[in-house]
Amino acid sequence: MRRFYYALLAEWACKAALSRWVTCGLACLLLVLGNAPVARATHIVGGEMDLQYLTGNTYQLTLNLYFDAVNGSPAALDGSLAAGIFDKATNRLVATVQLPLINDTFVKYSNPACAVGSLSTKALTYRNTVELPPDKFSSAQGYYASVERCCRNKTIGNIVAPENAAQTFYLEFPAVVRNGQAFRDSTPRVFPPLADYACLGEDFTYDFAGQDADGDSLVYDMVTPLNGHADSSNPNPGSNAPPAFYGAPYAEITWMPGRSAANQIPGSPALKIGPLTGRLTVRPSATGLFVFGVRCQEYRKGVKIGETRRDFQLQVLVCPKNTAPSLVLLPNPTGNTPYRAGRDTLRIVPGGPHCVRLRFTDPDPNSQLTLSLLPLGYTGPLPSFTTAITGMVHTAGQPDTLIASLCFSDCTDTQGKVGHLDVLVADNGCSLPKHDTVHVAFIGVPPPNGPPTLSSTAGPGLPLHVRPGQTLAFDLIATDPDGDPIQFTLGGSAGFAPDVLGATIAPQAQAGQVRRARFTWPVDCRAITSPAGQTQQLVFTASSTTPCGTRQLAPTLQIPVVVDYGNVPPVLTTTLPQPATPTDTVVIRLPLGQPYSATLTGTDANGDVLKMSAAGRGFDLAAAGMYFTTEARPAGQAGATFTWLPACDGVAVVNGKPMPLTVTFQLQEVTCRPQPQARSVRFEVLNPDTAAFTPPNIILPTGHNLANQVFTMSTLPADFCDNRFAGIKIFSRWGRLVYESGDRNFRWTGENMAGVYYYLLTFTTGRRYKGWVEVVQ
């Protein structure tokens with residue numbers, strides 16, 4: 001195996017020196033050809049699967065496959081892989097999912113400077129969505145997904161025939177419904193890939209833990225990797241047509257003699273994983289390439305709901321000797337007495353020292369050292385390094401021992417308990433840095449800080465009474481003994497939100513320990529409660545923020561307030577006629593040219609602002625010659641005058657008759673729940689047509705009665721606005737026109753025309769009068 005490792009180094013050295021290819025010559029060429037990958041395309045480093053809930057019945061299935069970029073053949077890089085989903089109780093195939101390749105990247109070393117040519121890994125990500133409907137995935141024992149692929153690296157030294165050994169990527173998950181309810185689960189994921197190698201005889205540790213989106217408990221153990229049904233003759237069953245999907249049980253790989261699930265990599269101690277931390281540890285006792293298997297079991301409320309299996313490989317090399325660095329903590333800023341872990345406790349108190357010195361070094365030449373902190377159950381502010389935390393030792397011009405200062409914040413607060421953190425120094429050795437750690441116990445007490453107090457100028461007469469239309473205002477006074485910045489907040493009792501009703505707090509600038517704010521509430525109709533007069537609470541709080549970010553609260557200040565509201569209807573008095581009932585319309589009849597006026601007065605017992613108005617029903621007051629003039633009076637009073645001079649310009653005449661005009665007078669109060677008072681009046685203009693109209697029906701042209709000698713009409717209806725006399729026509733009994741005149745004072749003598757005649761009187765509005773008259777000679 002070691003010869004193979006050196007052969008690979010020689011191969012890469014040759015490839016890196018193409019410009020010197022002639023020097024390398026035939027030996028290099030033969031070496032490259034002798035180590036070329038075989039047709040079986042061994043390439044699998046390891047990998048795992050995960051299933052993540054998205055939405056509805058949709059999940060996302062991901063396969064992470066780690067590919068040997070040194071020994072793997074490019075022909076073995078699949079564009080997609082097929083996964084089968086099986087019922088765990090019966091091993092029945094339930095669904096298949098094609099997983100296309102979506103990502104292809106190299107895995108980085110923890111320390112890139114430690115990279116070796118024999119170890120280069122690619123991370124291949126295959127992913128697709130899958131539907132898991134409840135009617136199809138409700139089996140109580142759950143389900144598993146699997147992908148089978150061959151083959152593993154032929155250089156693996158702890159299993160039999162690795163070039164013919166496959167990997168079954170395996171994942172268990174629960175049913176999507178439990179006890180009739182949807183049961184959502186995202187399996188563990190984000191397992192760190194392993195790009196580093198281990199050194200012979202040196203402790204190797206690596207974080208191999210996953211994460212769970214649901215917060216389920218994860219437990220890790222070592223297991224034998226699964227081989228399954230794939231082999232070098234059928235390396236990818238899922239690519240067959242039709243695909244060949246095999247259910248459990250899956251055959252395991254075969255360990256070399258002396259190897260087992262509990263002793264997968266030769267070492268003292270052997271490879272193991274922290275059951276709760278997922279941290280790998282091993283001190284290898286042999287070089288080579290070794291595969292290992294890890295299982296991550298998922299528990300919810302103490303019940304196992306799934307598991308994920310993960311295979312990987314670890315290369316063990318002979319590394320240059322690397323001695324761990326050393327770290328000494330000196331709690332006294334000027335002394336040289338070291339801190340004793342497990343016996344001493346640092347005390348970070350107001351007025352006391354907050355800084356300690358750190359002295360760190362490394363016996364190895366050219367060591368680059370770095371300091372870091374690791375909190376252990378402590379969630380407060382971490383101390384900071386105030387001087388250099390990195391440096392080279394044992395180099396020309398550089399000191400052998402580096403000094404740094406570690407200072408705790410004034411706000412360090414362990415709540416009366418002992419906090420713990422590790423101070424670490426790490427070198428830049430390979431394959432992984434070596435550390436020295438000082439475990440520090442400390443108690444932190446922040447500076448004392450008192451809460452603010454809160455008062456107001458609203459008292460002493462409580463509860464406060466206010467009516468809609470008024471503004472409630474007073475000052476808030478908050479005092480913080482430490483002068484910390486103060487903030488005010490406003491709230492209310494249950495169902496009462498003064499800020500929504502327009503109340504505001506306007507803080508003023510803080511002067512030392514005191515900050516004032518002005519509370520203002522323009523009370524409007526929204527503040528009326530039901531029933532009216534309920535007592536509500538204005539709730540004020542004041543808080544201050546300490547320099548350490550702690551929020552201090554003053555005792556809550558509550559101020560009771562009552563919104564008073566009651567409304568008596570306003571009273572309307574007027575010289576207009578009184579109706580029989582409030583809803584009746586009174587009638588006022590007037591001749592043309594006769595002026596009319598009325599006064600209206602309003603009073604309100606509540607002192608509300610009153611408004612008086614008048615409106616014509618279907619007509620404009622001013623166009624009809626009507627005038628309504630209001631008077632300026634104090635709140636609770638109103639006055640107005642109505643005047644009208646009936647004239648033809650403002651009266652509509654239909655068929656010679658004037659149309660009535662209806663006016664509504666209203667007294668309106670400006671309040672939250674108004675009760676208006678109204679009076680309706682119908683104005684009618686007297687029609688002069690009402691006078692008796694009795695035209696004569698006989699004339700005596702030669703008689704001695706002068707009154708009947710001519711035909712005239714002294715009682716003709718008077719002209720009224722647009723209704724005027726247009727003319728008269730007199731006809732013989734045979735329809736012959738014998739007389740015509742447009743003068744309303746016409747005079748027809750009828751001389752020498754004895755007999756009966758017929759007349760037609762017309763007016764400009766189309767009105768007509770017909771009759772007869774007899775001429776007696």
# chains A, B, ... in the order shown; residues from 1 in each chain; ligands from 1

call {"tool": "residues_around", "arguments": {"residues": "Val176 in chain A", "least_positions_apart": "6", "cutoff": "12 Å", "atoms": "only C-alpha atoms", "output": "list in words"}}
result
Tyr53, Gly56, Asn57, Thr58, Tyr59, Glu131, Leu132, Pro133, Pro134, Asp135, Lys136, Phe137, Ser138, Ser139, Ala140, Gln141, Gly142, Tyr143, Ala182, Phe183, Arg184, Asp185, Ser186 and Ile305 of chain A

call {"tool": "residues_around", "arguments": {"residues": "Asp620 in chain A", "least_positions_apart": "5", "cutoff": "12 Å", "atoms": "only C-alpha atoms", "output": "JSON, numbers by chain"}}
result
{"A": [614, 615, 625, 626, 627, 628, 650, 651, 661, 662, 663, 664]}

call {"tool": "write_last_selection", "arguments": {"atoms": "N, CA, C and O atoms", "output": "short mmCIF file (atom, residue, chain, number, x, y, z; two decimals), in the first residue's frame"}}
result
data_model
loop_
_atom_site.label_atom_id
_atom_site.label_comp_id
_atom_site.auth_asym_id
_atom_site.auth_seq_id
_atom_site.Cartn_x
_atom_site.Cartn_y
_atom_site.Cartn_z
N ALA A 614 -81.62 76.01 4.34
CA ALA A 614 -82.88 75.93 3.62
C ALA A 614 -82.58 75.42 2.22
O ALA A 614 -81.59 75.82 1.61
N ALA A 615 -83.44 74.54 1.71
CA ALA A 615 -83.22 73.95 0.39
C ALA A 615 -84.54 73.80 -0.32
O ALA A 615 -85.56 73.40 0.28
N GLY A 625 -86.06 83.68 -6.51
CA GLY A 625 -86.18 84.95 -5.82
C GLY A 625 -86.28 84.82 -4.32
O GLY A 625 -86.67 85.76 -3.63
N MET A 626 -85.97 83.65 -3.78
CA MET A 626 -86.01 83.42 -2.34
C MET A 626 -84.62 83.61 -1.75
O MET A 626 -83.62 83.18 -2.35
N TYR A 627 -84.56 84.15 -0.55
CA TYR A 627 -83.27 84.41 0.09
C TYR A 627 -83.32 83.88 1.53
O TYR A 627 -84.29 84.15 2.27
N PHE A 628 -82.26 83.16 1.89
CA PHE A 628 -82.15 82.61 3.25
C PHE A 628 -80.82 83.10 3.82
O PHE A 628 -79.75 82.74 3.33
N GLY A 650 -89.84 83.97 -11.02
CA GLY A 650 -89.56 82.82 -10.17
C GLY A 650 -90.67 81.82 -10.09
O GLY A 650 -90.62 80.89 -9.29
N VAL A 651 -91.70 81.96 -10.87
CA VAL A 651 -92.86 81.07 -10.79
C VAL A 651 -93.03 80.36 -12.12
O VAL A 651 -93.02 80.98 -13.19
N LEU A 661 -94.07 75.80 -4.80
CA LEU A 661 -92.64 75.69 -4.48
C LEU A 661 -92.51 75.22 -3.02
O LEU A 661 -93.02 75.89 -2.11
N THR A 662 -91.83 74.07 -2.81
CA THR A 662 -91.68 73.53 -1.46
C THR A 662 -90.25 73.76 -0.97
O THR A 662 -89.28 73.43 -1.67
N VAL A 663 -90.15 74.34 0.22
CA VAL A 663 -88.86 74.65 0.83
C VAL A 663 -88.76 73.89 2.15
O VAL A 663 -89.71 73.89 2.94
N THR A 664 -87.61 73.24 2.39
CA THR A 664 -87.36 72.55 3.65
C THR A 664 -86.33 73.33 4.45
O THR A 664 -85.21 73.59 3.96
#

call {"tool": "residues_around", "arguments": {"residues": "Arg309 in chain A", "least_positions_apart": "6", "cutoff": "10 Å", "atoms": "only C-alpha atoms", "output": "mmCIF file with C-alpha atoms, in the first residue's frame"}}
result
data_model
loop_
_atom_site.group_PDB
_atom_site.id
_atom_site.type_symbol
_atom_site.label_atom_id
_atom_site.label_comp_id
_atom_site.auth_asym_id
_atom_site.auth_seq_id
_atom_site.Cartn_x
_atom_site.Cartn_y
_atom_site.Cartn_z
ATOM 1 C CA GLY A 47 -22.013 9.937 0.653
ATOM 2 C CA GLU A 48 -25.525 10.086 2.084
ATOM 3 C CA MET A 49 -29.158 11.061 1.311
ATOM 4 C CA ASP A 50 -31.616 13.489 2.894
ATOM 5 C CA THR A 168 -26.118 1.516 -1.025
ATOM 6 C CA PHE A 169 -27.118 5.052 -0.127
ATOM 7 C CA TYR A 170 -29.851 4.480 2.459
ATOM 8 C CA LEU A 171 -32.393 6.745 4.171
ATOM 9 C CA GLU A 172 -35.389 5.952 6.416
ATOM 10 C CA TYR A 220 -24.692 8.653 16.024
ATOM 11 C CA ASP A 221 -23.003 5.245 15.976
ATOM 12 C CA MET A 222 -20.560 3.266 13.827
ATOM 13 C CA VAL A 223 -22.079 0.693 11.429
ATOM 14 C CA THR A 224 -20.874 -1.608 8.699
ATOM 15 C CA PRO A 225 -21.343 0.006 5.267
ATOM 16 C CA LEU A 226 -24.007 -1.466 2.978
ATOM 17 C CA GLY A 293 -19.782 3.739 8.017
ATOM 18 C CA VAL A 294 -21.780 6.020 10.331
ATOM 19 C CA ARG A 295 -25.484 5.932 11.176
ATOM 20 C CA CYS A 296 -27.441 8.991 12.293
ATOM 21 C CA GLN A 297 -30.726 8.049 13.996
#

call {"tool": "select_by_dssp", "arguments": {"residues": "range 346-584 of chain A", "states": "strand (DSSP E or B)", "output": "number ranges by chain"}}
result
A: 346-348, 355-361, 367-375, 384-385, 390-393, 401-407, 419-426, 435-444, 453-456, 464-466, 471-479, 486-492, 504-507, 511, 514-522, 535-545, 551-553, 557-563, 571-574

call {"tool": "residues_around", "arguments": {"residues": "Val710 in chain A", "least_positions_apart": "3", "cutoff": "6 Å", "atoms": "only C-alpha atoms", "output": "PDB file with N, CA, C and O atoms, in the first residue's frame"}}
result
ATOM      1  N   ARG A 747    -113.875  95.992 -29.238  1.00  0.00           N
ATOM      2  CA  ARG A 747    -115.284  96.410 -29.243  1.00  0.00           C
ATOM      3  C   ARG A 747    -115.870  96.054 -30.618  1.00  0.00           C
ATOM      4  O   ARG A 747    -115.474  96.607 -31.619  1.00  0.00           O
ATOM      5  N   TRP A 748    -116.804  95.070 -30.659  1.00  0.00           N
ATOM      6  CA  TRP A 748    -117.450  94.664 -31.938  1.00  0.00           C
ATOM      7  C   TRP A 748    -118.899  95.149 -31.924  1.00  0.00           C
ATOM      8  O   TRP A 748    -119.682  94.801 -31.014  1.00  0.00           O
ATOM      9  N   THR A 749    -119.267  95.960 -32.960  1.00  0.00           N
ATOM     10  CA  THR A 749    -120.601  96.556 -32.988  1.00  0.00           C
ATOM     11  C   THR A 749    -121.660  95.626 -33.554  1.00  0.00           C
ATOM     12  O   THR A 749    -122.839  95.712 -33.178  1.00  0.00           O
TER      13      THR A 749
END

call {"tool": "closest_residue", "arguments": {"among": "A:Glu774, A:Asp484, A:Asp604, A:Glu202", "to": "Val571 in chain A", "atoms": "only C-alpha atoms"}}
result
A:Asp604

call {"tool": "closest_residue", "arguments": {"among": "A:Asn322, A:Thr205, A:Asn332, A:Ser456", "to": "Ala478 in chain A", "atoms": "only C-alpha atoms"}}
result
A:Ser456

call {"tool": "residues_around", "arguments": {"residues": "Ile265 in chain A", "least_positions_apart": "3", "cutoff": "8 Å", "atoms": "only C-alpha atoms", "output": "list in words"}}
result
Asn158, Arg259, Ala270, Leu271, Pro284, Phe290, Val291 and Phe292 of chain A

call {"tool": "closest_residue", "arguments": {"among": "A:Thr575, A:Gln510, A:Thr489, A:Thr345", "to": "Leu553 in chain A", "atoms": "only C-alpha atoms"}}
result
A:Thr489

call {"tool": "residues_around", "arguments": {"residues": "Ser239 in chain A", "least_positions_apart": "3", "cutoff": "10 Å", "atoms": "only C-alpha atoms", "output": "MDAnalysis selection string"}}
result
chainID A and resid 78 80:82 98 149 234:236 242:245

call {"tool": "write_last_selection", "arguments": {"atoms": "N, CA, C and O atoms", "output": "PDB file, in the first residue's frame"}}
result
ATOM      1  N   ASP A  78     -21.960  10.123 -13.179  1.00  0.00           N
ATOM      2  CA  ASP A  78     -23.298   9.955 -13.729  1.00  0.00           C
ATOM      3  C   ASP A  78     -24.006  11.300 -13.872  1.00  0.00           C
ATOM      4  O   ASP A  78     -23.951  12.153 -12.984  1.00  0.00           O
ATOM      5  N   SER A  80     -27.240  11.461 -13.922  1.00  0.00           N
ATOM      6  CA  SER A  80     -28.385  11.319 -13.027  1.00  0.00           C
ATOM      7  C   SER A  80     -28.322   9.943 -12.394  1.00  0.00           C
ATOM      8  O   SER A  80     -27.653   9.028 -12.906  1.00  0.00           O
ATOM      9  N   LEU A  81     -29.024   9.800 -11.287  1.00  0.00           N
ATOM     10  CA  LEU A  81     -29.136   8.518 -10.592  1.00  0.00           C
ATOM     11  C   LEU A  81     -30.608   8.312 -10.234  1.00  0.00           C
ATOM     12  O   LEU A  81     -31.354   9.279 -10.049  1.00  0.00           O
ATOM     13  N   ALA A  82     -31.001   7.047 -10.132  1.00  0.00           N
ATOM     14  CA  ALA A  82     -32.386   6.715  -9.842  1.00  0.00           C
ATOM     15  C   ALA A  82     -32.509   6.197  -8.421  1.00  0.00           C
ATOM     16  O   ALA A  82     -31.699   5.367  -7.979  1.00  0.00           O
ATOM     17  N   GLN A  98     -36.087  10.080 -10.314  1.00  0.00           N
ATOM     18  CA  GLN A  98     -34.863  10.358 -11.048  1.00  0.00           C
ATOM     19  C   GLN A  98     -34.195  11.588 -10.441  1.00  0.00           C
ATOM     20  O   GLN A  98     -34.821  12.636 -10.286  1.00  0.00           O
ATOM     21  N   ARG A 149     -24.961   1.931  -6.192  1.00  0.00           N
ATOM     22  CA  ARG A 149     -23.944   2.298  -7.193  1.00  0.00           C
ATOM     23  C   ARG A 149     -22.628   1.611  -6.854  1.00  0.00           C
ATOM     24  O   ARG A 149     -22.240   1.496  -5.697  1.00  0.00           O
ATOM     25  N   ASN A 234     -22.788  -5.023 -12.859  1.00  0.00           N
ATOM     26  CA  ASN A 234     -24.040  -4.240 -12.898  1.00  0.00           C
ATOM     27  C   ASN A 234     -23.869  -3.055 -11.954  1.00  0.00           C
ATOM     28  O   ASN A 234     -24.468  -2.991 -10.887  1.00  0.00           O
ATOM     29  N   PRO A 235     -23.005  -2.071 -12.337  1.00  0.00           N
ATOM     30  CA  PRO A 235     -22.620  -1.023 -11.388  1.00  0.00           C
ATOM     31  C   PRO A 235     -23.741  -0.036 -11.053  1.00  0.00           C
ATOM     32  O   PRO A 235     -23.714   0.585  -9.999  1.00  0.00           O
ATOM     33  N   ASN A 236     -24.720   0.131 -11.949  1.00  0.00           N
ATOM     34  CA  ASN A 236     -25.767   1.140 -11.731  1.00  0.00           C
ATOM     35  C   ASN A 236     -27.112   0.546 -12.117  1.00  0.00           C
ATOM     36  O   ASN A 236     -27.638   0.792 -13.200  1.00  0.00           O
ATOM     37  N   PRO A 242     -35.922  -1.820 -18.221  1.00  0.00           N
ATOM     38  CA  PRO A 242     -36.372  -0.879 -17.179  1.00  0.00           C
ATOM     39  C   PRO A 242     -35.423  -0.884 -15.994  1.00  0.00           C
ATOM     40  O   PRO A 242     -34.670  -1.854 -15.814  1.00  0.00           O
ATOM     41  N   PRO A 243     -35.462   0.180 -15.162  1.00  0.00           N
ATOM     42  CA  PRO A 243     -34.557   0.220 -14.000  1.00  0.00           C
ATOM     43  C   PRO A 243     -34.798  -0.959 -13.074  1.00  0.00           C
ATOM     44  O   PRO A 243     -35.919  -1.412 -12.890  1.00  0.00           O
ATOM     45  N   ALA A 244     -33.711  -1.433 -12.501  1.00  0.00           N
ATOM     46  CA  ALA A 244     -33.803  -2.525 -11.530  1.00  0.00           C
ATOM     47  C   ALA A 244     -33.652  -1.949 -10.130  1.00  0.00           C
ATOM     48  O   ALA A 244     -32.582  -1.477  -9.761  1.00  0.00           O
ATOM     49  N   PHE A 245     -34.749  -1.948  -9.360  1.00  0.00           N
ATOM     50  CA  PHE A 245     -34.715  -1.451  -7.999  1.00  0.00           C
ATOM     51  C   PHE A 245     -34.870  -2.636  -7.049  1.00  0.00           C
ATOM     52  O   PHE A 245     -35.793  -3.440  -7.203  1.00  0.00           O
TER      53      PHE A 245
END

call {"tool": "decode", "arguments": {"residues": "range 492-503 of chain A", "atoms": "all heavy atoms", "output": "CSV table (one decimal), in the first residue's frame"}}
result
chain,number,residue,atom,x,y,z
A,492,GLY,N,-53.5,50.8,26.2
A,492,GLY,CA,-54.8,51.0,26.8
A,492,GLY,C,-55.3,49.7,27.4
A,492,GLY,O,-54.7,48.6,27.2
A,493,SER,N,-56.4,49.8,28.2
A,493,SER,CA,-57.0,48.6,28.7
A,493,SER,C,-57.6,47.8,27.6
A,493,SER,O,-57.7,48.2,26.5
A,493,SER,CB,-58.1,49.1,29.8
A,493,SER,OG,-58.9,50.0,29.2
A,494,ALA,N,-58.2,46.6,28.0
A,494,ALA,CA,-58.7,45.7,27.0
A,494,ALA,C,-59.7,46.3,26.2
A,494,ALA,O,-60.7,46.9,26.6
A,494,ALA,CB,-59.3,44.4,27.8
A,495,GLY,N,-59.6,46.2,24.8
A,495,GLY,CA,-60.5,46.8,23.9
A,495,GLY,C,-60.4,48.2,23.7
A,495,GLY,O,-61.2,48.8,22.9
A,496,PHE,N,-59.4,48.9,24.3
A,496,PHE,CA,-59.2,50.3,24.2
A,496,PHE,C,-57.8,50.6,23.6
A,496,PHE,O,-56.8,50.3,24.3
A,496,PHE,CB,-59.4,51.0,25.5
A,496,PHE,CG,-59.2,52.5,25.5
A,496,PHE,CD1,-59.8,53.3,24.7
A,496,PHE,CD2,-58.3,53.0,26.5
A,496,PHE,CE1,-59.6,54.7,24.7
A,496,PHE,CE2,-58.1,54.4,26.5
A,496,PHE,CZ,-58.8,55.2,25.6
A,497,ALA,N,-57.7,51.2,22.4
A,497,ALA,CA,-56.4,51.5,21.8
A,497,ALA,C,-56.3,53.0,21.5
A,497,ALA,O,-56.7,53.4,20.5
A,497,ALA,CB,-56.3,50.7,20.5
A,498,PRO,N,-55.8,53.8,22.5
A,498,PRO,CA,-55.8,55.2,22.3
A,498,PRO,C,-55.0,55.7,21.1
A,498,PRO,O,-55.3,56.7,20.5
A,498,PRO,CB,-55.3,55.7,23.6
A,498,PRO,CG,-54.6,54.6,24.3
A,498,PRO,CD,-55.3,53.4,23.8
A,499,ASP,N,-53.9,54.9,20.8
A,499,ASP,CA,-53.1,55.3,19.7
A,499,ASP,C,-53.9,55.2,18.3
A,499,ASP,O,-53.7,56.1,17.4
A,499,ASP,CB,-51.8,54.5,19.6
A,499,ASP,CG,-52.1,53.0,19.6
A,499,ASP,OD1,-53.1,52.6,20.1
A,499,ASP,OD2,-51.2,52.3,19.1
A,500,VAL,N,-54.8,54.2,18.3
A,500,VAL,CA,-55.6,54.1,17.1
A,500,VAL,C,-56.6,55.2,17.0
A,500,VAL,O,-57.1,55.6,15.9
A,500,VAL,CB,-56.3,52.7,17.1
A,500,VAL,CG1,-57.3,52.6,15.9
A,500,VAL,CG2,-55.3,51.6,17.0
A,501,LEU,N,-57.0,55.8,18.2
A,501,LEU,CA,-58.0,56.8,18.2
A,501,LEU,C,-57.4,58.2,18.1
A,501,LEU,O,-58.0,59.2,18.4
A,501,LEU,CB,-58.8,56.7,19.5
A,501,LEU,CG,-59.5,55.4,19.8
A,501,LEU,CD1,-60.2,55.4,21.1
A,501,LEU,CD2,-60.6,55.2,18.6
A,502,GLY,N,-56.1,58.3,17.8
A,502,GLY,CA,-55.4,59.6,17.5
A,502,GLY,C,-54.6,60.1,18.6
A,502,GLY,O,-54.0,61.2,18.5
A,503,ALA,N,-54.4,59.3,19.7
A,503,ALA,CA,-53.6,59.8,20.8
A,503,ALA,C,-52.1,59.6,20.5
A,503,ALA,O,-51.7,58.6,19.8
A,503,ALA,CB,-53.9,59.0,22.1
